Structures are given as C-alpha cells and as structure tokens.
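Novice: Please find one structure pasted underneath; my questions will follow.
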Amino acid sequence: MKDLDTNLQALLTGIRNAIGVPALLLFSAMTGFGSLAQEQGLSLYISILSTVLIWGMPGQVVHVELYGLGAPLIAVVLGVAGANARFMPMTLSMMPVFADSPHNRKWNYLISHFISINTWAEMLNRGHEIRADRRVSYFLGFSTTCMFSGVIGVYQGYVLFESMPEMVSLCLIFLVPIYFGLIMSNTVHPPYLLAFVLGCLLGAPMHLLTPEWGLVLSGLIAGTMAFLLRNWLNGFLKSKESNG
Amino acid sequence: MAESSAWIVFISAIIATYIWRFAGVMISHRIEANHPAFEWFTCLAYGIIASLVARTLIIPSGLMAEVPLWQRLIPMLFAFVGFYMFGKRLLVGIVFGEAAFIFLLLVGGVNL
C-alpha cells in the first residue's frame with residue numbers, strides 16, 4: 001500500500017477500500033436484519049441503533065428474535081453474549097496491529113467497538129502493509145464506511161424488503177456465507193486454516209446441540225485443537241514441501 | 001410500559017456485546033504483543049467465525065430455509081472453485097457462487 005503521510009490520507013484510503021465488496025456485504029447482510037426486525041415488531045429507530053451500537057449481526061439477530069418471542073431479559077442477555085462472544089478473541093488478536101501506534105491506549109476501548117468480521121479480516125490481512133502510526137485512521141475510515149452502509153441496509157430492509165423480489169432477497173442473503181467463507185479460508189497460516197476447517201465441520205452439529213452456546217463451544221474446540229496442533233502442522237507441511 | 005421494556009432489553013443486548021470487546025482490550029493491555037496467547041485467540045476467532053458461516057449456510061432461518069440444502073452447498077463449492085482457480089479474487093468467487101445459486105433456483109423449481 002502506498003505511503004500514507006497524513007492521518008487524513010489514511011482515513012480516506014480506508015474509506016475508499018471499504019467502498020466496494022465490503023460495504024456491499026454489510027449492506028446486504030443488514031438488509032436481511034432490517035427485514036427480520038420489521039417482522040418481529042422492533043421499531044425502526046432501535047433497529048438502526050442496533051447496527052451502530054451492537055455492531056455484531058449474530059447478536060443483533062438473537063436480540064430481535066428473542067425480543068419478538070417475549071423471552072425473559074436474562075435469556076436475551078445470555079443469547080446475545082453467546083452469539084457475539086467471538087469479539088473477545090477477535091479484539092485480542094487484533095490489538096497487536098495497533099501496538100506500535102502512538103495513540104493513547106485508552107482509545108482502544110473505543111476502537112474495539114468498530115471491530116466486525118469484515119474489518120478484523122482487513123486489518124489482520126493488510127494491516128502490516130500500512131505504516132504503524134496510520135493504522136488507526138485507516139481502520140476508522142474503513143469500519144465507519146462499513147457501518148454506514150450497514151445502516152442504509154437496515155433502513156432499506158426494514159422499509160422495502162417486503163416489496164423486493166424474493167430472488168433478489170435470497171441472493172443478498174446468500175452473499176454473507178460466500179463472502180465470509182472466502183475471506184476466512186484465504187489465510188496462509190496453517191493453524192488458522194485448520195481452525196477454519198474444524199469450525200466449519202463442528203458449527204452445525206454444535207448448534208443443534210446447544211443453540212445458545214454452540215458457536216462458542218465449537219469455536220473453542222476448533223481453535224484450541226488448531227493451536228495445539230500448530231507445531232506438528234507446521235512441521236508436517238515443511239516435510240511435505242521438502243519431499244515433494 | 002412496553003416501550004420502556006424494549007429499551008431495557010436493547011441496552012442489555014448492547015452491554016452483552018460490548019463486554020467481550022472490553023475484556024479483549026483489557027486483557028491485551030496486560031500481555032506482551034508477541035505473546036503466543038495471541039495466536040491462540042486468533043485460532044479461536046477463526047473457529048467461531050467458521051462455525052457461524054457453516055451454521056448460516058447449513059441451518060439458515062427465514063426465507064433461505066425454504067431453499068433445499070444442496071442448492072446452498074453446491075453454489076458455495078462453485079464460489080470456492082472460482083475464487084481459488086482465478087487468482088483469489090473475491091469478486092470472481094462471489095459471481096461464481098451467486099450465478100450457480102441463481103441457476104439452481106431457476107432450474108431446481110423452488111416454489112417462491
């Protein structure tokens with residue numbers, strides 16, 4: 001990535017790189033959320049704020065669905081916490097990207113709010129190409145653009161989803177697993193790839209086992225197995241390379 | 001009353017999400033940037049997101065649940081083939097996947 005001399009340049013580059021597939025993705029995913037929220041009787045106001053303030057689609061969906069069912073508060077809290085628990089490991093693994101940035105560490109508590117799968121993958125894959133002292137600006141440009149298109153998505157889903165042809169709605173919904181499947185599988189680091197594959201295999205059965213904590217449980221098993229096997233995995237791939 | 005309880009539920013959902021981000025930042029400030037734990041956390045994140053992708057694909061809710069499983073899995077396969085055969089370009093993968101999805105919807109005769 002070309003030199004980003006000022007924070008403004010970094011911010012604008014972040015915005016520019018988000019416009020395109022990442023913004024489109026957020027738009028379509030949140031279209032689905034908007035229509036769901038409308039169906040479940042959540043107000044448009046809360047639906048839009050949900051994207052800005054929760055900013056984690058699985059948790060947002062759980063919130064809306066349980067609210068629609070009139071579930072007790074504690075069930076909503078546990079359900080949302082389970083669905084969005086990935087933000088802890090994601091935040092943890094992303095913080096080293098900003099380690100050499102001169103900003104006050106306290107700002108990390110605000111920065112962490114803008115983390116989503118999209119923006120996390122972007123910083124993990126391309127963060128090192130950006131000058132350390134420009135990464136925060138780049139990240140904020142990229143993630144606020146994604147969030148903004150998400151808000152437009154919620155609005156359009158809430159207001160227009162009913163009148164949209166079902167074929168279009170389905171294509172928008174289908175974009176989400178394709179996009180995340182592709183960007184997450186595209187890693188050069190063998191343990192991450194193994195974690196991804198194991199997670200794919202465990203995801204559905206674990207969800208059937210325990211809908212609330214299935215994600216966390218299968219992620220914990222897949223991630224920990226991949227981490228424990230990482231030395232063996234790296235050695236295995238090296239020996240394969242030298243033999244072939 | 002119903003209005004105010006909607007806000008209480010909503011604010012609880014916000015806190016239930018932010019608490020994880022907060023914990024992540026707090027812990028990261030207490031360990032070295034090159035600590036091996038960070039690799040474990042990244043593995044966990046990959047595992048959880050992969051489970052999420054698999055769940056949305058295999059056990060979808062709403063409209064997508066009316067599309068048969070194989071009509072979701074085969075287009076996903078096409079997306080991967082398109083992505084990895086043609087220089088790992090996201091847009092190519094998406095076009096391959098969506099094209100296969102639309103094709104199967106049209107031929108598969110889903111009653112929409």
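Residues are named by chain letter and number: chains run A, B, ... in the order of the structure tokens, numbers start at 1 in each chain, and ligands are numbered from 1 in the order shown.
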Enumerate as an NGL selection string all residues of chain B assigned to alpha helix (DSSP H) by DSSP on the backbone, naming them with the chain letters and numbers the document uses.

Specialist: :B and (2-28 or 37-58 or 70-85 or 90-108)

Novice: Ile46 in chain A: which residues within 12 Å, counting only C-alpha atoms, same-chain residues fewer than 5 positions away excluded, as a PyMOL selection string?

Specialist: (chain A and resi 34+37-38+41+51-54+60+63-64+67+151+154-155+158) or (chain B and resi 3-4+6-11+13-14)

Novice: Only C-alpha atoms, please: the residues just picked out, written as a PDB file, in the first residue's frame.

Specialist:
ATOM      1  CA  GLY A  34     -33.777  -4.929   8.806  1.00  0.00           C
ATOM      2  CA  ALA A  37     -36.535  -6.602  12.769  1.00  0.00           C
ATOM      3  CA  GLN A  38     -39.579  -5.283  10.967  1.00  0.00           C
ATOM      4  CA  GLY A  41     -42.006  -5.687  15.613  1.00  0.00           C
ATOM      5  CA  THR A  51     -26.397  -1.787  13.992  1.00  0.00           C
ATOM      6  CA  VAL A  52     -24.496   1.228  15.301  1.00  0.00           C
ATOM      7  CA  LEU A  53     -24.357   0.230  18.971  1.00  0.00           C
ATOM      8  CA  ILE A  54     -24.250  -3.579  18.931  1.00  0.00           C
ATOM      9  CA  GLN A  60     -28.444  -8.477  16.785  1.00  0.00           C
ATOM     10  CA  HIS A  63     -31.793  -9.925  20.291  1.00  0.00           C
ATOM     11  CA  VAL A  64     -34.563  -9.356  17.746  1.00  0.00           C
ATOM     12  CA  TYR A  67     -37.476  -9.916  21.851  1.00  0.00           C
ATOM     13  CA  VAL A 151     -27.283   1.427   8.451  1.00  0.00           C
ATOM     14  CA  VAL A 154     -31.169  -1.836   7.761  1.00  0.00           C
ATOM     15  CA  TYR A 155     -33.289   1.065   6.611  1.00  0.00           C
ATOM     16  CA  TYR A 158     -36.985  -2.505   7.136  1.00  0.00           C
TER      17      TYR A 158
ATOM     18  CA  GLU B   3     -41.872   0.832  25.017  1.00  0.00           C
ATOM     19  CA  SER B   4     -39.560   1.201  28.004  1.00  0.00           C
ATOM     20  CA  ALA B   6     -37.954  -2.671  24.688  1.00  0.00           C
ATOM     21  CA  TRP B   7     -35.213  -0.186  25.547  1.00  0.00           C
ATOM     22  CA  ILE B   8     -34.130  -2.138  28.617  1.00  0.00           C
ATOM     23  CA  VAL B   9     -33.796  -5.306  26.548  1.00  0.00           C
ATOM     24  CA  PHE B  10     -31.936  -3.393  23.839  1.00  0.00           C
ATOM     25  CA  ILE B  11     -29.468  -1.764  26.222  1.00  0.00           C
ATOM     26  CA  ALA B  13     -28.032  -6.574  24.398  1.00  0.00           C
ATOM     27  CA  ILE B  14     -25.581  -3.719  23.753  1.00  0.00           C
TER      28      ILE B  14
END

Novice: With chain A as the partner and 6 Å as the cut-off, tabulate the residues of chain B that qualify, each row holding the nearest pair of atoms and their distance in Å to one decimal, using only C-alpha atoms, sorted by chain and rising number, as a tab-separated table.

Specialist:
residue	atom	partner	partner_atom	distance
B:Ala13	CA	A:Val77	CA	5.7
B:Ile14	CA	A:Ile54	CA	5.0
B:Ala16	CA	A:Ala81	CA	4.9
B:Thr17	CA	A:Ala81	CA	5.8
B:Trp20	CA	A:Met88	CA	4.6
B:Arg21	CA	A:Met88	CA	5.2
B:Gly24	CA	A:Met88	CA	4.6
B:Ser28	CA	A:Leu92	CA	5.6
B:Ala33	CA	A:Pro96	CA	5.3
B:Phe38	CA	A:Ser93	CA	5.2
B:Trp40	CA	A:Phe227	CA	5.6
B:Phe41	CA	A:Pro89	CA	4.6
B:Thr42	CA	A:Ser93	CA	5.2
B:Cys43	CA	A:Gly223	CA	4.4
B:Leu44	CA	A:Gly223	CA	4.0
B:Ala45	CA	A:Pro89	CA	5.5
B:Tyr46	CA	A:Phe196	CA	5.3
B:Gly47	CA	A:Gly219	CA	4.1
B:Ile48	CA	A:Gly219	CA	3.9
B:Ala50	CA	A:Gly199	CA	4.8
B:Ser51	CA	A:Gly203	CA	3.7
B:Val53	CA	A:Pro177	CA	5.3
B:Ala54	CA	A:Cys200	CA	5.1
B:Arg55	CA	A:Ala204	CA	4.9

Novice: With N, CA and C atoms kept, could you save the residues just selected as a JSON list (two decimals), in the first residue's frame?

Specialist:
[["chain", "number", "residue", "atom", "x", "y", "z"],
["B", 13, "ALA", "N", -28.67, -5.90, 25.54],
["B", 13, "ALA", "CA", -28.03, -6.57, 24.40],
["B", 13, "ALA", "C", -26.75, -5.84, 23.99],
["B", 14, "ILE", "N", -26.79, -4.50, 24.08],
["B", 14, "ILE", "CA", -25.58, -3.72, 23.75],
["B", 14, "ILE", "C", -24.46, -4.07, 24.74],
["B", 16, "ALA", "N", -24.19, -6.77, 26.57],
["B", 16, "ALA", "CA", -23.78, -8.17, 26.42],
["B", 16, "ALA", "C", -22.79, -8.35, 25.27],
["B", 17, "THR", "N", -22.80, -7.42, 24.32],
["B", 17, "THR", "CA", -21.84, -7.49, 23.22],
["B", 17, "THR", "C", -20.56, -6.74, 23.56],
["B", 20, "TRP", "N", -17.51, -8.15, 25.75],
["B", 20, "TRP", "CA", -16.47, -9.01, 25.15],
["B", 20, "TRP", "C", -15.35, -8.18, 24.54],
["B", 21, "ARG", "N", -15.74, -7.08, 23.88],
["B", 21, "ARG", "CA", -14.72, -6.20, 23.29],
["B", 21, "ARG", "C", -13.88, -5.58, 24.41],
["B", 24, "GLY", "N", -11.53, -8.01, 25.79],
["B", 24, "GLY", "CA", -10.43, -8.23, 24.84],
["B", 24, "GLY", "C", -9.37, -7.16, 24.96],
["B", 28, "SER", "N", -5.58, -7.59, 26.45],
["B", 28, "SER", "CA", -4.46, -7.32, 25.54],
["B", 28, "SER", "C", -3.49, -6.30, 26.13],
["B", 33, "ALA", "N", 2.82, -7.96, 23.26],
["B", 33, "ALA", "CA", 2.23, -8.03, 21.93],
["B", 33, "ALA", "C", 2.62, -9.30, 21.17],
["B", 38, "PHE", "N", -1.80, -14.73, 21.79],
["B", 38, "PHE", "CA", -2.49, -14.03, 20.71],
["B", 38, "PHE", "C", -2.78, -14.96, 19.54],
["B", 40, "TRP", "N", -3.34, -18.16, 19.82],
["B", 40, "TRP", "CA", -4.46, -19.00, 20.25],
["B", 40, "TRP", "C", -5.78, -18.24, 20.06],
["B", 41, "PHE", "N", -5.79, -16.96, 20.47],
["B", 41, "PHE", "CA", -7.02, -16.18, 20.33],
["B", 41, "PHE", "C", -7.43, -16.03, 18.87],
["B", 42, "THR", "N", -6.43, -15.88, 18.00],
["B", 42, "THR", "CA", -6.77, -15.79, 16.57],
["B", 42, "THR", "C", -7.35, -17.11, 16.09],
["B", 43, "CYS", "N", -6.78, -18.22, 16.55],
["B", 43, "CYS", "CA", -7.33, -19.54, 16.20],
["B", 43, "CYS", "C", -8.79, -19.64, 16.68],
["B", 44, "LEU", "N", -9.04, -19.18, 17.90],
["B", 44, "LEU", "CA", -10.41, -19.22, 18.43],
["B", 44, "LEU", "C", -11.35, -18.40, 17.55],
["B", 45, "ALA", "N", -10.89, -17.21, 17.16],
["B", 45, "ALA", "CA", -11.73, -16.35, 16.33],
["B", 45, "ALA", "C", -12.04, -17.03, 15.00],
["B", 46, "TYR", "N", -11.01, -17.64, 14.39],
["B", 46, "TYR", "CA", -11.24, -18.37, 13.13],
["B", 46, "TYR", "C", -12.26, -19.49, 13.34],
["B", 47, "GLY", "N", -12.10, -20.22, 14.45],
["B", 47, "GLY", "CA", -13.00, -21.33, 14.72],
["B", 47, "GLY", "C", -14.44, -20.87, 14.90],
["B", 48, "ILE", "N", -14.64, -19.79, 15.65],
["B", 48, "ILE", "CA", -16.00, -19.31, 15.91],
["B", 48, "ILE", "C", -16.64, -18.77, 14.63],
["B", 50, "ALA", "N", -15.88, -19.55, 11.56],
["B", 50, "ALA", "CA", -16.16, -20.68, 10.67],
["B", 50, "ALA", "C", -17.46, -21.38, 11.07],
["B", 51, "SER", "N", -17.65, -21.57, 12.38],
["B", 51, "SER", "CA", -18.89, -22.21, 12.85],
["B", 51, "SER", "C", -20.10, -21.38, 12.44],
["B", 53, "VAL", "N", -20.32, -19.30, 9.86],
["B", 53, "VAL", "CA", -20.54, -19.44, 8.42],
["B", 53, "VAL", "C", -21.26, -20.76, 8.13],
["B", 54, "ALA", "N", -20.75, -21.85, 8.74],
["B", 54, "ALA", "CA", -21.36, -23.16, 8.50],
["B", 54, "ALA", "C", -22.81, -23.17, 8.95],
["B", 55, "ARG", "N", -23.07, -22.54, 10.10],
["B", 55, "ARG", "CA", -24.45, -22.52, 10.60],
["B", 55, "ARG", "C", -25.38, -21.74, 9.70]]

Novice: Excluding range 99-105 of chain B and its own-chain neighbours fewer than 6 positions away, which residues fall within 9 Å of it when counting only C-alpha atoms? Please give them as number ranges by chain.

Specialist: A: 167, 171, 174; B: 67, 71-72, 74-76, 78-79

Novice: So what do you get for CA of Ser28 in chain A versus CA of Thr119 in chain A, distance-wise?

Specialist: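 Computing the Euclidean distance for CA of Ser28 in chain A and CA of Thr119 in chain A yields 16.0 Å.
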
Novice: Between CA of Leu44 in chain A and CA of Met30 in chain A, what is the distance, to one decimal in Å?

Specialist: 12.8 Å

Novice: Quick one: residues within 7 Å of Glu65 in chain A, only C-alpha atoms, excluding same-chain residues fewer than 4 positions away - as a ChimeraX atom specification?

Specialist: /A:40,61,69

Novice: Please identify all polymer residues within 10 Å of Ile19 in chain A, counting only C-alpha atoms, omitting same-chain residues fewer than 3 positions from it, and present them as a PyMOL selection string.

Specialist: chain A and resi 13-16+22-24+142+145-146+149

Novice: Deliver the residues from the most recent selection as a file, using N, CA and C atoms, as a PDB file, in the first residue's frame.

Specialist:
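Listed below is the output, again11.pdb:
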ATOM      1  N   THR A  13      -8.118   6.586   2.466  1.00  0.00           N
ATOM      2  CA  THR A  13      -7.787   5.304   1.835  1.00  0.00           C
ATOM      3  C   THR A  13      -8.651   4.192   2.433  1.00  0.00           C
ATOM      4  N   GLY A  14      -8.841   4.257   3.746  1.00  0.00           N
ATOM      5  CA  GLY A  14      -9.700   3.273   4.405  1.00  0.00           C
ATOM      6  C   GLY A  14     -11.111   3.331   3.853  1.00  0.00           C
ATOM      7  N   ILE A  15     -11.627   4.555   3.692  1.00  0.00           N
ATOM      8  CA  ILE A  15     -12.979   4.720   3.159  1.00  0.00           C
ATOM      9  C   ILE A  15     -13.053   4.159   1.739  1.00  0.00           C
ATOM     10  N   ARG A  16     -12.033   4.496   0.943  1.00  0.00           N
ATOM     11  CA  ARG A  16     -12.043   4.052  -0.451  1.00  0.00           C
ATOM     12  C   ARG A  16     -11.989   2.529  -0.548  1.00  0.00           C
ATOM     13  N   PRO A  22     -16.704  -4.894   0.534  1.00  0.00           N
ATOM     14  CA  PRO A  22     -17.008  -4.871   1.982  1.00  0.00           C
ATOM     15  C   PRO A  22     -18.286  -4.093   2.326  1.00  0.00           C
ATOM     16  N   ALA A  23     -18.449  -2.925   1.718  1.00  0.00           N
ATOM     17  CA  ALA A  23     -19.648  -2.132   2.010  1.00  0.00           C
ATOM     18  C   ALA A  23     -20.903  -2.825   1.481  1.00  0.00           C
ATOM     19  N   LEU A  24     -20.801  -3.404   0.298  1.00  0.00           N
ATOM     20  CA  LEU A  24     -21.942  -4.112  -0.292  1.00  0.00           C
ATOM     21  C   LEU A  24     -22.371  -5.268   0.613  1.00  0.00           C
ATOM     22  N   PHE A 142     -12.215   2.738   7.281  1.00  0.00           N
ATOM     23  CA  PHE A 142     -12.752   1.504   6.710  1.00  0.00           C
ATOM     24  C   PHE A 142     -14.004   1.064   7.463  1.00  0.00           C
ATOM     25  N   THR A 145     -17.203   3.357   7.292  1.00  0.00           N
ATOM     26  CA  THR A 145     -17.855   3.229   5.986  1.00  0.00           C
ATOM     27  C   THR A 145     -18.709   1.962   5.945  1.00  0.00           C
ATOM     28  N   CYS A 146     -18.160   0.869   6.474  1.00  0.00           N
ATOM     29  CA  CYS A 146     -18.921  -0.382   6.537  1.00  0.00           C
ATOM     30  C   CYS A 146     -20.180  -0.183   7.395  1.00  0.00           C
ATOM     31  N   SER A 149     -22.857   1.840   5.553  1.00  0.00           N
ATOM     32  CA  SER A 149     -23.611   1.081   4.560  1.00  0.00           C
ATOM     33  C   SER A 149     -24.506   0.051   5.235  1.00  0.00           C
TER      34      SER A 149
END

Novice: To one decimal place, how far is CA of Leu237 in chain A from CA of Pro190 in chain A in Å?

Specialist: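 One can read the CA of Leu237 in chain A to CA of Pro190 in chain A distance as 8.5 Å.
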
Novice: Write out as number ranges by chain the residues lying within 8 Å of Leu4 in chain A, counting only C-alpha atoms and excluding same-chain residues fewer than 5 positions away.

Specialist: A: 9-10, 130-131, 134

Novice: Output C-alpha atoms for every residue in that selection, as a PDB file, in the first residue's frame.

Specialist:
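Here's the written file out_7.pdb:
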ATOM      1  CA  GLN A   9      -4.916  10.287   3.761  1.00  0.00           C
ATOM      2  CA  ALA A  10      -5.060   7.063   5.751  1.00  0.00           C
ATOM      3  CA  ILE A 130       0.185   0.251   6.427  1.00  0.00           C
ATOM      4  CA  ARG A 131       2.536   2.443   8.415  1.00  0.00           C
ATOM      5  CA  ARG A 134      -1.567   5.409  10.306  1.00  0.00           C
TER       6      ARG A 134
END
